[in-house]
>>> print(open('input-v1.cif').read())   # mmCIF, C-alpha atoms
data_input
#
loop_
_atom_site.label_atom_id
_atom_site.label_comp_id
_atom_site.auth_asym_id
_atom_site.auth_seq_id
_atom_site.Cartn_x
_atom_site.Cartn_y
_atom_site.Cartn_z
CA MET C 1 -43.94 -5.92 -17.78
CA LEU C 2 -42.87 -5.48 -14.17
CA ARG C 3 -45.58 -5.18 -11.56
CA PRO C 4 -45.36 -1.98 -9.44
CA ASP C 5 -44.21 -3.96 -6.39
CA GLU C 6 -41.45 -5.63 -8.46
CA PHE C 7 -40.30 -2.28 -9.82
CA ASP C 8 -40.22 -0.86 -6.27
CA PHE C 9 -38.17 -3.85 -5.08
CA LEU C 10 -35.56 -3.36 -7.82
CA ALA C 11 -35.46 0.41 -7.30
CA LYS C 12 -34.91 -0.05 -3.54
CA LEU C 13 -32.17 -2.63 -4.08
CA LEU C 14 -30.32 -0.39 -6.56
CA LYS C 15 -30.61 2.65 -4.29
CA GLU C 16 -29.22 0.72 -1.30
CA ARG C 17 -26.39 -0.92 -3.19
CA SER C 18 -25.23 1.90 -5.46
CA GLY C 19 -27.08 5.13 -4.72
CA LEU C 20 -28.68 4.97 -8.16
CA VAL C 21 -32.17 6.45 -8.25
CA VAL C 22 -34.52 4.77 -10.74
CA THR C 23 -37.81 6.66 -11.04
CA SER C 24 -41.05 5.16 -12.35
CA ASP C 25 -40.55 6.76 -15.78
CA LYS C 26 -37.29 4.79 -16.18
CA GLY C 27 -38.90 1.36 -16.38
CA TYR C 28 -37.58 1.01 -19.93
CA LEU C 29 -34.03 1.30 -18.56
CA LEU C 30 -34.59 -1.66 -16.25
CA GLU C 31 -35.99 -3.67 -19.16
CA SER C 32 -33.17 -2.82 -21.58
CA ARG C 33 -30.31 -3.38 -19.13
CA LEU C 34 -31.61 -6.33 -17.13
CA THR C 35 -33.14 -8.43 -19.91
CA PRO C 36 -29.62 -9.52 -21.05
CA VAL C 37 -28.84 -10.45 -17.41
CA ALA C 38 -31.97 -12.62 -17.29
CA ARG C 39 -31.12 -14.20 -20.64
CA SER C 40 -27.53 -15.00 -19.59
CA ARG C 41 -28.86 -16.87 -16.53
CA GLY C 42 -31.64 -18.69 -18.34
CA LEU C 43 -34.36 -16.74 -16.55
CA ALA C 44 -37.70 -15.93 -18.17
CA GLY C 45 -37.50 -12.19 -17.51
CA LEU C 46 -37.33 -9.44 -14.92
CA SER C 47 -40.05 -10.94 -12.71
CA GLU C 48 -37.95 -14.06 -12.31
CA ILE C 49 -34.92 -11.89 -11.49
CA VAL C 50 -36.93 -10.31 -8.68
CA THR C 51 -37.94 -13.75 -7.37
CA LYS C 52 -34.30 -14.87 -7.28
CA LEU C 53 -33.20 -11.62 -5.63
CA LYS C 54 -35.83 -12.04 -2.92
CA ALA C 55 -34.23 -15.44 -2.22
CA ASN C 56 -30.97 -13.57 -1.51
CA ASP C 57 -29.04 -14.49 -4.68
CA GLU C 58 -26.01 -12.28 -3.98
CA ALA C 59 -24.24 -13.02 -7.27
CA LEU C 60 -27.36 -11.99 -9.19
CA ALA C 61 -27.72 -8.83 -7.08
CA ARG C 62 -24.17 -7.93 -8.05
CA ASP C 63 -24.85 -8.58 -11.75
CA VAL C 64 -28.01 -6.47 -11.62
CA THR C 65 -26.19 -3.60 -9.92
CA GLU C 66 -23.32 -3.74 -12.44
CA ALA C 67 -25.71 -3.80 -15.39
CA MET C 68 -27.56 -0.73 -14.13
CA THR C 69 -24.55 1.33 -13.06
CA THR C 70 -22.24 0.73 -16.03
CA ASN C 71 -21.99 4.07 -17.85
CA GLU C 72 -20.05 4.91 -20.95
CA SER C 73 -16.78 6.75 -20.83
CA PHE C 74 -14.40 8.06 -23.44
CA PHE C 75 -10.95 9.60 -23.70
CA PHE C 76 -10.61 13.32 -22.87
CA ARG C 77 -14.38 13.58 -22.36
CA ASP C 78 -15.64 17.15 -22.92
CA GLU C 79 -12.00 18.23 -23.49
CA LYS C 80 -12.22 21.46 -21.40
CA PRO C 81 -11.62 19.75 -18.01
CA PHE C 82 -8.35 18.31 -19.31
CA THR C 83 -7.24 21.66 -20.72
CA GLN C 84 -7.96 23.17 -17.30
CA PHE C 85 -6.01 20.36 -15.67
CA LYS C 86 -2.94 20.99 -17.83
CA GLU C 87 -3.01 24.78 -17.80
CA MET C 88 -4.30 25.66 -14.32
CA VAL C 89 -4.80 22.76 -11.91
CA LEU C 90 -1.51 20.91 -12.41
CA PRO C 91 0.72 24.03 -12.20
CA HIS C 92 -1.14 25.13 -9.06
CA ILE C 93 -0.76 21.75 -7.33
CA MET C 94 2.88 21.41 -8.43
CA ALA C 95 3.71 24.79 -6.91
CA ALA C 96 1.94 23.84 -3.68
CA ARG C 97 3.64 20.41 -3.53
CA ALA C 98 7.11 21.53 -4.60
CA ALA C 99 8.63 20.41 -1.29
CA LYS C 100 7.36 16.83 -1.26
CA LYS C 101 7.02 16.34 -5.04
CA SER C 102 4.06 14.02 -4.71
CA ILE C 103 0.55 14.19 -6.22
CA ARG C 104 -2.40 11.81 -5.80
CA ILE C 105 -5.33 11.91 -8.22
CA TRP C 106 -8.62 10.02 -7.91
CA SER C 107 -10.85 9.11 -10.84
CA ALA C 108 -14.09 8.19 -9.03
CA ALA C 109 -16.59 5.97 -10.86
CA CYS C 110 -13.91 5.47 -13.50
CA SER C 111 -15.89 2.96 -15.61
CA SER C 112 -13.58 1.39 -18.22
CA GLY C 113 -10.63 3.65 -17.39
CA GLN C 114 -10.52 6.24 -20.18
CA GLU C 115 -10.56 9.23 -17.81
CA ALA C 116 -7.74 7.84 -15.66
CA TYR C 117 -5.64 7.01 -18.72
CA SER C 118 -6.32 10.44 -20.25
CA LEU C 119 -4.81 11.96 -17.09
CA ALA C 120 -1.89 9.53 -17.26
CA MET C 121 -1.19 10.60 -20.86
CA LEU C 122 -1.30 14.29 -19.92
CA LEU C 123 1.12 13.69 -17.06
CA LYS C 124 3.41 11.61 -19.28
CA GLU C 125 3.50 14.51 -21.75
CA GLU C 126 4.68 16.73 -18.88
CA GLN C 127 7.39 14.32 -17.69
CA ALA C 128 10.25 16.69 -18.52
CA ARG C 129 9.13 19.17 -15.87
CA MET C 130 7.91 16.44 -13.53
CA ALA C 131 11.18 14.53 -13.22
CA GLY C 132 11.55 13.25 -9.67
CA TRP C 133 7.84 13.59 -8.90
CA HIS C 134 5.79 10.71 -7.48
CA ILE C 135 2.45 10.59 -9.29
CA GLU C 136 -0.32 8.26 -8.20
CA ILE C 137 -3.61 7.88 -10.08
CA VAL C 138 -6.34 5.75 -8.53
CA GLY C 139 -9.44 4.73 -10.48
CA THR C 140 -12.39 3.26 -8.60
CA ASP C 141 -15.68 1.81 -9.75
CA ILE C 142 -18.47 -0.41 -8.48
CA SER C 143 -18.34 -2.61 -11.58
CA VAL C 144 -15.79 -5.44 -11.55
CA GLU C 145 -16.39 -6.02 -15.26
CA MET C 146 -15.48 -2.40 -16.12
CA LEU C 147 -12.44 -2.51 -13.83
CA ASP C 148 -11.17 -5.65 -15.56
CA LYS C 149 -11.48 -3.85 -18.90
CA ALA C 150 -9.68 -0.81 -17.46
CA LYS C 151 -6.82 -2.93 -16.11
CA ALA C 152 -6.40 -4.63 -19.48
CA GLY C 153 -6.22 -1.23 -21.18
CA LEU C 154 -7.67 -2.76 -24.34
CA TYR C 155 -10.02 -0.62 -26.43
CA SER C 156 -11.88 -1.02 -29.71
CA GLN C 157 -11.32 1.13 -32.77
CA PHE C 158 -14.57 2.94 -31.97
CA GLU C 159 -13.45 3.67 -28.40
CA VAL C 160 -10.07 5.12 -29.39
CA GLN C 161 -11.69 7.28 -32.06
CA ARG C 162 -13.84 9.04 -29.47
CA GLY C 163 -11.85 11.98 -28.14
CA LEU C 164 -8.34 10.54 -28.38
CA PRO C 165 -6.00 12.65 -30.54
CA ILE C 166 -4.32 10.58 -33.25
CA THR C 167 -0.88 11.71 -32.04
CA LEU C 168 -1.53 10.17 -28.60
CA LEU C 169 -3.00 7.00 -30.13
CA VAL C 170 0.15 6.46 -32.17
CA LYS C 171 2.40 7.34 -29.25
CA TYR C 172 0.78 5.39 -26.43
CA PHE C 173 -1.14 2.48 -28.01
CA LYS C 174 -0.25 -0.65 -29.94
CA LYS C 175 -2.57 -2.48 -32.32
CA LYS C 176 -3.62 -5.86 -30.95
CA ASP C 177 -5.78 -7.82 -33.38
CA GLU C 178 -8.86 -5.61 -33.93
CA SER C 179 -8.24 -3.56 -30.76
CA TRP C 180 -5.71 -1.09 -29.35
CA GLN C 181 -3.81 -1.65 -26.11
CA ILE C 182 -2.43 1.18 -24.03
CA ASP C 183 1.29 1.23 -23.26
CA PRO C 184 2.34 -0.87 -20.19
CA ALA C 185 4.14 2.14 -18.69
CA LEU C 186 0.88 4.10 -18.71
CA ARG C 187 -1.07 1.16 -17.32
CA ALA C 188 1.46 1.04 -14.48
CA MET C 189 0.66 4.69 -13.61
CA VAL C 190 -2.93 3.82 -12.64
CA GLN C 191 -4.24 1.59 -9.85
CA PHE C 192 -7.79 0.35 -10.33
CA LYS C 193 -9.86 -0.68 -7.31
CA GLU C 194 -13.41 -1.82 -6.71
CA TRP C 195 -15.07 0.78 -4.50
CA ASN C 196 -18.60 1.97 -3.77
CA LEU C 197 -18.89 5.74 -3.24
CA LEU C 198 -21.50 5.11 -0.53
CA ARG C 199 -18.91 3.27 1.57
CA ASP C 200 -16.37 4.79 3.95
CA LEU C 201 -13.73 6.44 1.76
CA LYS C 202 -10.99 6.68 4.41
CA PRO C 203 -9.11 3.53 3.29
CA LEU C 204 -8.50 5.17 -0.09
CA GLY C 205 -6.35 7.87 1.53
CA GLN C 206 -6.06 11.56 0.65
CA PHE C 207 -6.18 12.99 -2.87
CA ASP C 208 -4.95 16.34 -4.15
CA ILE C 209 -7.27 16.23 -7.17
CA VAL C 210 -10.56 14.35 -7.44
CA PHE C 211 -12.47 13.71 -10.67
CA CYS C 212 -16.07 12.77 -9.83
CA ARG C 213 -17.65 13.73 -13.12
CA ASN C 214 -21.11 12.71 -14.34
CA VAL C 215 -21.73 10.62 -11.23
CA LEU C 216 -23.87 12.77 -8.93
CA ILE C 217 -26.57 13.15 -11.60
CA TYR C 218 -27.68 9.58 -10.82
CA PHE C 219 -28.19 10.24 -7.09
CA ASP C 220 -30.90 11.97 -5.08
CA GLN C 221 -30.07 15.08 -3.03
CA PRO C 222 -29.27 13.35 0.31
CA THR C 223 -27.00 10.83 -1.45
CA LYS C 224 -25.21 13.61 -3.37
CA ALA C 225 -24.62 15.44 -0.08
CA LYS C 226 -23.32 12.25 1.58
CA VAL C 227 -20.89 11.52 -1.28
CA LEU C 228 -19.60 15.11 -1.36
CA GLU C 229 -19.10 15.07 2.41
CA GLY C 230 -17.13 11.85 2.14
CA ILE C 231 -14.95 13.22 -0.66
CA SER C 232 -14.29 16.45 1.26
CA LYS C 233 -12.74 14.44 4.10
CA GLN C 234 -10.26 12.83 1.69
CA MET C 235 -8.86 16.11 0.38
CA PRO C 236 -6.31 18.59 1.76
CA ALA C 237 -7.37 22.21 2.26
CA ASP C 238 -6.10 23.24 -1.19
CA GLY C 239 -7.39 20.16 -3.04
CA MET C 240 -9.56 20.45 -6.15
CA LEU C 241 -12.71 18.58 -7.15
CA TYR C 242 -13.99 18.16 -10.70
CA LEU C 243 -17.72 17.63 -11.31
CA GLY C 244 -19.55 17.13 -14.61
CA GLY C 245 -20.96 20.03 -16.64
CA ALA C 246 -24.52 19.36 -15.45
CA GLU C 247 -23.51 18.99 -11.78
CA THR C 248 -23.03 21.48 -8.98
CA VAL C 249 -22.48 21.65 -5.22
CA LEU C 250 -24.76 24.69 -4.86
CA GLY C 251 -27.75 23.93 -2.68
CA ILE C 252 -26.40 20.45 -1.98
CA SER C 253 -23.22 20.75 0.08
CA ASP C 254 -21.48 23.50 2.02
CA LYS C 255 -18.20 21.57 1.95
CA PHE C 256 -17.19 22.92 -1.47
CA LYS C 257 -17.27 26.22 -3.32
CA PRO C 258 -16.79 26.95 -7.04
CA ILE C 259 -13.32 28.10 -8.07
CA PRO C 260 -13.74 31.52 -9.73
CA ASN C 261 -13.63 31.50 -13.54
CA GLN C 262 -13.09 27.72 -13.66
CA ARG C 263 -16.35 26.02 -14.60
CA GLY C 264 -16.76 22.57 -13.10
CA ILE C 265 -13.91 22.83 -10.55
CA TYR C 266 -14.48 23.24 -6.84
CA GLY C 267 -12.31 23.87 -3.79
CA LEU C 268 -12.99 23.17 -0.13
CA THR C 269 -14.69 25.84 1.94
CA ALA C 270 -12.57 27.20 4.76
#
>>> encode(input="input-v1.cif", output="structure tokens")
Amino acid sequence: MLRPDEFDFLAKLLKERSGLVVTSDKGYLLESRLTPVARSRGLAGLSEIVTKLKANDEALARDVTEAMTTNESFFFRDEKPFTQFKEMVLPHIMAARAAKKSIRIWSAACSSGQEAYSLAMLLKEEQARMAGWHIEIVGTDISVEMLDKAKAGLYSQFEVQRGLPITLLVKYFKKKDESWQIDPALRAMVQFKEWNLLRDLKPLGQFDIVFCRNVLIYFDQPTKAKVLEGISKQMPADGMLYLGGAETVLGISDKFKPIPNQRGIYGLTA
């Protein structure tokens, strides 16, 4: 078991490096996620991890952060946001960008890439009416391991069965041994980059549509406000932000307001 001072050290390190808040009742999460890290390095347990971290082992700090911030993702998660994207958000942005025919979309904290590729599939399905358009999808995450998986576009049978319609599996994936690999043309539609949401977001450029779903729930109120402020600066006046079903901007940020009758989508305040 971790001593209280060791728990506090790990919690502080994770908060500083990723924004993740680990409360005292989440000690089991540290044990379950960091024990494999200790084992892979031949360390006796979490106390020895803390000792190494105090000696400024940067590679270990990175491994610990990745292990704690890696969250599951799946294709077309919750379904409704993607229906909204196809039926309301995309037509709205296309009308507004008709002159320049260019759209940039950001999948923030993209994990292993399913959200970004779900958007790529939707856009590919709309290619007849999007001929001549420049579409850019950027997926960012703090985990290099997850980004490598996203770039490879290689998913297990279990992963493709979660949310992915069979018609799209057949159309956009090829069987590769026991896994499925997404079509190279779709992989080319998405750029994946390592990025921490607590960092300056300016180098990423502006985005018309931002998906930042099921991310804020891991942060405390000041960190949520900081992230939302940063995102607001990377969006044009008519841009749209997606949050997860359990997330809101209300009482946290005055930079965004809910879009009427569109649960989970927010626009910038004037």
>>> closest_atom_pairs(input="input-v1.cif", of="range 36-141 of chain C", to="range 159-165 of chain C", cutoff="8 Å", atoms="all atoms listed in the file", output="CSV")
residue,atom,partner,partner_atom,distance
C:Phe74,CA,C:Arg162,CA,6.1
C:Phe75,CA,C:Gly163,CA,5.1
C:Phe76,CA,C:Gly163,CA,5.6
C:Arg77,CA,C:Gly163,CA,6.5
C:Glu79,CA,C:Gly163,CA,7.8
>>> closest_residue(input="input-v1.cif", among="C:Ser111, C:Thr65, C:Thr248, C:Ser156", to="Arg263 in chain C", atoms="only C-alpha atoms")
C:Thr248
>>> resolve_selection(input="input-v1.cif", expression="the PyMOL selection byres ((chain C and resi 172-177) around 10)", output="list in words")
Met121, Lys124, Gly153, Leu154, Tyr155, Ser156, Gln157, Val160, Ile166, Thr167, Leu168, Leu169, Val170, Lys171, Glu178, Ser179, Trp180, Gln181, Ile182, Asp183, Pro184, Ala185 and Leu186 of chain C
>>> closest_residue(input="input-v1.cif", among="C:Ala152, C:Val190, C:Met146, C:Cys110", to="Leu123 in chain C", atoms="only C-alpha atoms")
C:Val190
>>> resolve_selection(input="input-v1.cif", expression="the PyMOL selection byres ((chain C and resi 81-95) around 10)", output="ChimeraX atom specification")
/C:76-80,96-103,115,118-119,122-123,125-126,129-130,133,208-209,211,213,238-240,242-245,262-265
>>> residues_around(input="input-v1.cif", residues="range 35-46 of chain C", least_positions_apart="3", cutoff="12 Å", atoms="only C-alpha atoms", output="list of chain:residue names")
C:Met1, C:Leu2, C:Arg3, C:Glu6, C:Phe7, C:Phe9, C:Leu10, C:Gly27, C:Tyr28, C:Leu29, C:Leu30, C:Glu31, C:Ser32, C:Ile49, C:Val50, C:Thr51, C:Lys52, C:Leu53, C:Ala59, C:Leu60, C:Ala61, C:Arg62, C:Asp63, C:Val64, C:Thr65, C:Glu66, C:Ala67, C:Met68
>>> atom_distance(input="input-v1.cif", atom1="CA of Ala55 in chain C", atom2="CA of Ile142 in chain C")
22.7 Å
>>> resolve_selection(input="input-v1.cif", expression="the PyMOL selection byres ((chain C and resi 228) around 10)", output="MDAnalysis selection string")
chainID C and resid 197 212 216 222:227 229:233 241 249 252:256
>>> closest_residue(input="input-v1.cif", among="C:Lys15, C:Lys257, C:Lys151, C:Arg187", to="Ala120 in chain C", atoms="all atoms listed in the file")
C:Arg187
>>> closest_residue(input="input-v1.cif", among="C:Lys54, C:Ala188, C:Leu13, C:Arg104", to="Tyr117 in chain C", atoms="only C-alpha atoms")
C:Ala188
>>> atom_distance(input="input-v1.cif", atom1="CA of Trp195 in chain C", atom2="CA of Ala237 in chain C")
23.8 Å
>>> residues_near_point(input="input-v1.cif", point="(-11.7, 6.6, -8.6)", cutoff="6 Å", atoms="all atoms listed in the file", output="PyMOL selection string")
chain C and resi 106-110+138-140
>>> closest_residue(input="input-v1.cif", among="C:Leu198, C:Ala270, C:Ile259, C:Leu204", to="Phe219 in chain C", atoms="all atoms listed in the file")
C:Leu198
>>> build_atoms(input="input-v1.cif", residues="range 42-56 of chain C", atoms="N, CA and C atoms", output="mmCIF file, in the coordinates of the input")
data_model
loop_
_atom_site.group_PDB
_atom_site.id
_atom_site.type_symbol
_atom_site.label_atom_id
_atom_site.label_comp_id
_atom_site.auth_asym_id
_atom_site.auth_seq_id
_atom_site.Cartn_x
_atom_site.Cartn_y
_atom_site.Cartn_z
ATOM 1 N N GLY C 42 -30.560 -17.758 -18.001
ATOM 2 C CA GLY C 42 -31.640 -18.690 -18.340
ATOM 3 C C GLY C 42 -32.930 -18.393 -17.611
ATOM 4 N N LEU C 43 -33.133 -17.143 -17.236
ATOM 5 C CA LEU C 43 -34.360 -16.740 -16.550
ATOM 6 C C LEU C 43 -35.362 -16.191 -17.549
ATOM 7 N N ALA C 44 -36.641 -16.315 -17.226
ATOM 8 C CA ALA C 44 -37.700 -15.930 -18.170
ATOM 9 C C ALA C 44 -37.780 -14.425 -18.383
ATOM 10 N N GLY C 45 -37.397 -13.650 -17.376
ATOM 11 C CA GLY C 45 -37.500 -12.190 -17.510
ATOM 12 C C GLY C 45 -37.246 -11.506 -16.187
ATOM 13 N N LEU C 46 -37.636 -10.242 -16.101
ATOM 14 C CA LEU C 46 -37.330 -9.440 -14.920
ATOM 15 C C LEU C 46 -38.083 -9.924 -13.679
ATOM 16 N N SER C 47 -39.296 -10.436 -13.872
ATOM 17 C CA SER C 47 -40.050 -10.940 -12.710
ATOM 18 C C SER C 47 -39.316 -12.092 -12.046
ATOM 19 N N GLU C 48 -38.692 -12.925 -12.871
ATOM 20 C CA GLU C 48 -37.950 -14.060 -12.310
ATOM 21 C C GLU C 48 -36.659 -13.578 -11.642
ATOM 22 N N ILE C 49 -36.076 -12.506 -12.162
ATOM 23 C CA ILE C 49 -34.920 -11.890 -11.490
ATOM 24 C C ILE C 49 -35.315 -11.454 -10.084
ATOM 25 N N VAL C 50 -36.463 -10.793 -9.987
ATOM 26 C CA VAL C 50 -36.930 -10.310 -8.680
ATOM 27 C C VAL C 50 -37.135 -11.476 -7.718
ATOM 28 N N THR C 51 -37.729 -12.564 -8.208
ATOM 29 C CA THR C 51 -37.940 -13.750 -7.370
ATOM 30 C C THR C 51 -36.625 -14.290 -6.822
ATOM 31 N N LYS C 52 -35.625 -14.381 -7.697
ATOM 32 C CA LYS C 52 -34.300 -14.870 -7.280
ATOM 33 C C LYS C 52 -33.654 -13.909 -6.277
ATOM 34 N N LEU C 53 -33.797 -12.617 -6.531
ATOM 35 C CA LEU C 53 -33.200 -11.620 -5.630
ATOM 36 C C LEU C 53 -33.843 -11.692 -4.242
ATOM 37 N N LYS C 54 -35.131 -11.934 -4.210
ATOM 38 C CA LYS C 54 -35.830 -12.040 -2.920
ATOM 39 C C LYS C 54 -35.359 -13.271 -2.143
ATOM 40 N N ALA C 55 -34.796 -14.242 -2.878
ATOM 41 C CA ALA C 55 -34.230 -15.440 -2.220
ATOM 42 C C ALA C 55 -32.764 -15.235 -1.875
ATOM 43 N N ASN C 56 -32.335 -13.954 -1.909
ATOM 44 C CA ASN C 56 -30.970 -13.570 -1.510
ATOM 45 C C ASN C 56 -29.873 -14.155 -2.407
#
